[in-house]
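A.B. asks: Please find structure_26.csv (CSV, C-alpha atoms) on the next line:
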chain,number,residue,atom,x,y,z
M,1,MET,CA,0.0,0.0,0.0
M,2,ALA,CA,3.0,2.3,0.5
M,3,ILE,CA,3.5,2.2,-3.3
M,4,LEU,CA,0.1,3.8,-3.6
M,5,GLY,CA,0.8,6.5,-1.1
M,6,ASP,CA,-0.7,4.9,2.0
M,7,LEU,CA,0.3,6.4,5.3
M,8,THR,CA,-0.4,5.5,8.9
M,9,ILE,CA,-1.5,8.5,10.9
M,10,GLY,CA,-1.0,9.3,14.5
M,11,THR,CA,-2.0,12.3,16.7
M,12,GLN,CA,-2.4,13.3,20.3
M,13,ALA,CA,-5.4,11.9,22.2
M,14,PRO,CA,-8.2,12.7,22.7
M,15,LEU,CA,-10.0,14.2,19.8
M,16,LEU,CA,-13.2,15.8,20.9
M,17,ALA,CA,-16.3,17.3,19.2
M,18,ARG,CA,-18.8,19.4,21.2
M,19,ILE,CA,-22.2,20.2,19.7
M,20,TRP,CA,-23.8,23.1,21.6
M,21,ALA,CA,-27.6,23.6,21.7
M,22,ASN,CA,-29.1,27.0,20.9
M,23,GLU,CA,-30.2,28.2,24.3
M,24,ASP,CA,-32.8,30.5,22.7
M,25,GLN,CA,-34.7,27.5,21.4
M,26,PRO,CA,-36.5,24.6,23.1
M,27,ARG,CA,-34.1,21.9,24.4
M,28,SER,CA,-36.0,20.1,27.2
M,29,ILE,CA,-35.6,16.4,27.5
M,30,ASP,CA,-38.9,14.5,27.3
M,31,ASP,CA,-40.0,11.5,29.4
M,32,ASN,CA,-38.4,9.1,26.9
M,33,GLY,CA,-35.0,10.8,27.3
M,34,GLU,CA,-35.2,12.3,23.8
M,35,VAL,CA,-34.7,16.0,22.9
M,36,ASP,CA,-35.0,17.9,19.7
M,37,PHE,CA,-32.7,20.9,19.5
M,38,ILE,CA,-31.2,23.4,17.2
M,39,ILE,CA,-27.4,23.4,16.9
M,40,ALA,CA,-25.8,26.7,17.9
M,41,ASN,CA,-22.2,25.9,17.5
M,42,VAL,CA,-19.7,23.0,17.0
M,43,GLU,CA,-16.3,23.0,18.5
M,44,ILE,CA,-13.5,20.6,17.7
M,45,PHE,CA,-10.6,19.9,20.1
M,46,SER,CA,-7.3,18.1,20.1
M,47,GLN,CA,-6.0,17.3,23.6
M,48,ASP,CA,-8.6,19.8,25.0
M,49,ARG,CA,-7.1,22.6,22.8
M,50,LEU,CA,-9.7,24.3,20.5
M,51,ILE,CA,-9.1,23.9,16.8
M,52,THR,CA,-10.1,27.0,14.9
M,53,ASP,CA,-8.4,26.4,11.5
M,54,LYS,CA,-10.9,25.0,9.0
M,55,MET,CA,-8.4,22.6,7.4
M,56,GLU,CA,-7.4,21.3,10.8
M,57,GLN,CA,-11.1,20.9,11.8
M,58,SER,CA,-11.7,18.9,8.6
M,59,ILE,CA,-8.7,16.6,9.2
M,60,ALA,CA,-9.7,16.1,12.9
M,61,LEU,CA,-13.3,15.2,11.9
M,62,ASN,CA,-12.2,12.7,9.3
M,63,LEU,CA,-9.9,11.1,11.9
M,64,MET,CA,-12.8,10.9,14.3
M,65,PHE,CA,-15.4,9.5,11.8
M,66,PHE,CA,-13.1,7.1,10.0
M,67,GLY,CA,-10.2,6.3,12.3
M,68,LYS,CA,-10.2,3.3,14.7
M,69,TRP,CA,-10.3,5.1,18.0
M,70,LEU,CA,-13.2,4.4,20.4
M,71,GLU,CA,-16.1,6.9,20.7
M,72,HIS,CA,-17.5,7.9,24.0
M,73,SER,CA,-20.4,10.3,24.1
M,74,SER,CA,-22.0,12.3,26.9
M,75,VAL,CA,-24.8,14.7,27.3
M,76,LEU,CA,-24.1,18.2,28.8
M,77,LEU,CA,-27.0,19.6,30.9
M,78,ASP,CA,-27.4,23.0,32.4
M,79,GLU,CA,-28.5,23.6,36.1
M,80,GLY,CA,-32.2,23.3,35.1
M,81,GLY,CA,-31.7,19.9,33.5
M,82,GLU,CA,-32.0,21.2,29.9
M,83,LEU,CA,-29.7,20.1,27.2
M,84,GLN,CA,-26.6,22.3,26.8
M,85,GLY,CA,-24.9,20.1,24.3
M,86,VAL,CA,-23.5,16.7,23.4
M,87,GLU,CA,-19.8,15.7,23.6
M,88,PHE,CA,-18.1,13.0,21.5
M,89,ARG,CA,-14.7,12.0,22.7
M,90,PHE,CA,-12.4,9.7,20.5
M,91,GLN,CA,-9.4,8.0,22.0
M,92,PRO,CA,-7.6,4.7,21.7
M,93,GLU,CA,-8.5,1.8,23.9
M,94,GLU,CA,-5.1,2.0,25.5
M,95,SER,CA,-2.4,4.7,25.5
M,96,THR,CA,1.1,3.8,24.3
M,97,GLY,CA,2.7,6.6,26.4
M,98,LEU,CA,4.6,7.9,23.4
M,99,GLY,CA,3.0,11.3,23.2
M,100,PHE,CA,0.9,10.3,20.2
M,101,GLU,CA,-1.4,7.4,19.3
M,102,ILE,CA,-2.0,5.7,15.9
M,103,VAL,CA,-5.5,6.6,14.5
M,104,GLY,CA,-5.3,4.3,11.5
M,105,SER,CA,-4.0,4.2,7.9
M,106,LEU,CA,-5.4,6.3,5.1
M,107,SER,CA,-6.5,3.0,3.3
M,108,GLU,CA,-8.4,1.9,6.4
M,109,MET,CA,-10.1,5.3,6.7
M,110,PHE,CA,-10.9,5.4,3.0
M,111,SER,CA,-12.5,1.9,3.3
M,112,LYS,CA,-14.7,3.1,6.1
M,113,TYR,CA,-15.6,6.3,4.2
M,114,PHE,CA,-16.6,4.1,1.1
M,115,ILE,CA,-18.8,1.9,3.3
M,116,PHE,CA,-20.4,5.1,4.8
M,117,GLU,CA,-21.1,6.5,1.4
M,118,THR,CA,-22.5,3.3,-0.1
M,119,SER,CA,-24.3,1.4,2.7
M,120,GLU,CA,-27.1,1.7,5.1
M,121,THR,CA,-28.1,-0.5,8.1
M,122,ASP,CA,-30.0,-2.8,5.8
M,123,GLY,CA,-27.3,-3.2,3.2
M,124,VAL,CA,-25.6,-1.7,0.2
M,125,TYR,CA,-27.7,0.9,-1.6
M,126,GLN,CA,-25.2,2.0,-4.2
M,127,THR,CA,-21.9,0.6,-5.6
M,128,GLN,CA,-20.2,3.9,-6.2
M,129,ALA,CA,-19.1,6.7,-3.9
M,130,HIS,CA,-19.1,10.1,-5.5
M,131,ILE,CA,-15.7,11.3,-4.7
M,132,SER,CA,-13.6,14.0,-6.5
M,133,PRO,CA,-10.2,12.6,-7.5
M,134,GLY,CA,-7.7,13.2,-4.8
M,135,SER,CA,-10.2,14.6,-2.4
M,136,PHE,CA,-9.8,11.9,0.3
M,137,GLY,CA,-6.1,11.5,-0.5
M,138,GLN,CA,-5.8,15.0,0.8
M,139,LEU,CA,-7.0,14.0,4.2
M,140,VAL,CA,-3.5,15.0,5.2
M,141,PRO,CA,-2.0,17.4,2.6
M,142,ALA,CA,1.7,16.9,1.9
M,143,GLY,CA,3.7,19.2,4.1
M,144,TYR,CA,0.8,19.9,6.5
M,145,LYS,CA,1.9,21.4,9.8
M,146,GLY,CA,-0.9,22.0,12.2
M,147,ASP,CA,-1.1,24.7,14.8
M,148,VAL,CA,-3.2,22.6,17.2
M,149,LEU,CA,-3.7,19.2,15.6
M,150,LYS,CA,-0.3,17.6,15.6
M,151,LEU,CA,0.1,14.7,13.2
M,152,TRP,CA,2.6,11.9,12.9
M,153,ARG,CA,2.8,10.3,9.4
M,154,PHE,CA,4.4,6.9,8.8
M,155,THR,CA,5.1,5.2,5.5
M,156,LEU,CA,5.2,1.5,6.1
M,157,GLN,CA,7.3,-0.5,3.6
M,158,PRO,CA,8.5,-4.1,3.5
M,159,TRP,CA,12.1,-4.8,4.6
M,160,LYS,CA,14.4,-5.1,1.6
M,161,ASP,CA,17.2,-7.4,2.5
M,162,LYS,CA,20.4,-6.6,0.7
M,163,GLU,CA,22.1,-9.7,-0.5
Since I need it in another form, could you write the structure as structure tokens?
C.D. replies:
Amino acid sequence: MAILGDLTIGTQAPLLARIWANEDQPRSIDDNGEVDFIIANVEIFSQDRLITDKMEQSIALNLMFFGKWLEHSSVLLDEGGELQGVEFRFQPEESTGLGFEIVGSLSEMFSKYFIFETSETDGVYQTQAHISPGSFGQLVPAGYKGDVLKLWRFTLQPWKDKE
């Protein structure tokens, strides 16, 4: 896969998305534990540092959606018990203690993206994903240096024994 440009991607854990409810709109939780709400804002974090750059946000979201880290979600309530927001935290099952964690390879993430684009819970509904050439390959643009979202890129290649 390295010949095709595949990379293994690592970053600092956790990655976090917070979806804030519009406090000027209804956001009460009903007896079934359900709530309809209007989104006021979405914030994306890396290691609890807010990501404001649009490209960094896009990369972080793709790592969250299509990487192999575990998702943990929680509901944020105000003092009156109304919904403030929802938080989605993505992190590896175990930490390596290296200062970064492997999220997955680009080929793994593309496979998950393809399944997302072509399947539903009851099976495949189309055989093609409508993707612009190079769009997903730019998940991590060459030479990318993030301000908040730090990335490690590894090209894995087979060992070539010199005889």
A.B. asks: May I ask which of the residues M:Phe110, M:Asn22, M:Ser105, M:Glu87 is the closest one to Val75 (chain M), counting all atoms listed in the file?
C.D. replies: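 Smallest separation from Val75 (chain M) among the options: M:Glu87.
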A.B. asks: Out of M:Gly146, M:Gly99, M:Pro158, M:Pro26, which residue has the shortest atom-to-atom distance to Thr52 (chain M) when counting all atoms listed in the file?
C.D. replies: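 Of all the options, M:Gly146 lies closest to Thr52 (chain M).
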A.B. asks: How many Å lie between CA of Asn41 (chain M) and CA of Ala21 (chain M), rounded to one decimal?
C.D. replies: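 Computed distance, CA of Asn41 (chain M) to CA of Ala21 (chain M), equals 7.2 Å.
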A.B. asks: M:Glu101, M:Glu93, M:Glu34, M:Glu79: which is nearest Lys150 (chain M), counting all atoms listed in the file?
C.D. replies: M:Glu101
A.B. asks: Using all atoms listed in the file, can you list as a CSV table (one decimal) with C-alpha atoms, keeping the file's coordinate frame the residues within 6 Å of (-16.2, 11.9, 18.6)?
C.D. replies:
chain,number,residue,atom,x,y,z
M,16,LEU,CA,-13.2,15.8,20.9
M,17,ALA,CA,-16.3,17.3,19.2
M,64,MET,CA,-12.8,10.9,14.3
M,71,GLU,CA,-16.1,6.9,20.7
M,88,PHE,CA,-18.1,13.0,21.5
M,89,ARG,CA,-14.7,12.0,22.7
M,90,PHE,CA,-12.4,9.7,20.5
A.B. asks: Pick out the residues sitting within 9 Å of Trp152 (chain M), and hand them over as an MDAnalysis selection string; count only C-alpha atoms, and ignore anything fewer than 2 positions along from it in its own chain.
C.D. replies: chainID M and resid 8:11 100:102 150 154
A.B. asks: Kindly indicate which residue among M:Thr96, M:Ser28, M:Ser111, M:Gln12 lies nearest to Asp78 (chain M), using only C-alpha atoms for the distances.
C.D. replies: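 Of all the options, M:Ser28 lies closest to Asp78 (chain M).
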A.B. asks: Please identify all polymer residues within 9 Å of Ile51 (chain M), counting all atoms listed in the file, omitting same-chain residues fewer than 4 positions from it, and present them as a count of residues only.
C.D. replies: 10
A.B. asks: Mind pulling up the distance from CA of Lys112 (chain M) to CA of Lys68 (chain M)?
C.D. replies: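 These atoms are spaced 9.7 Å apart.
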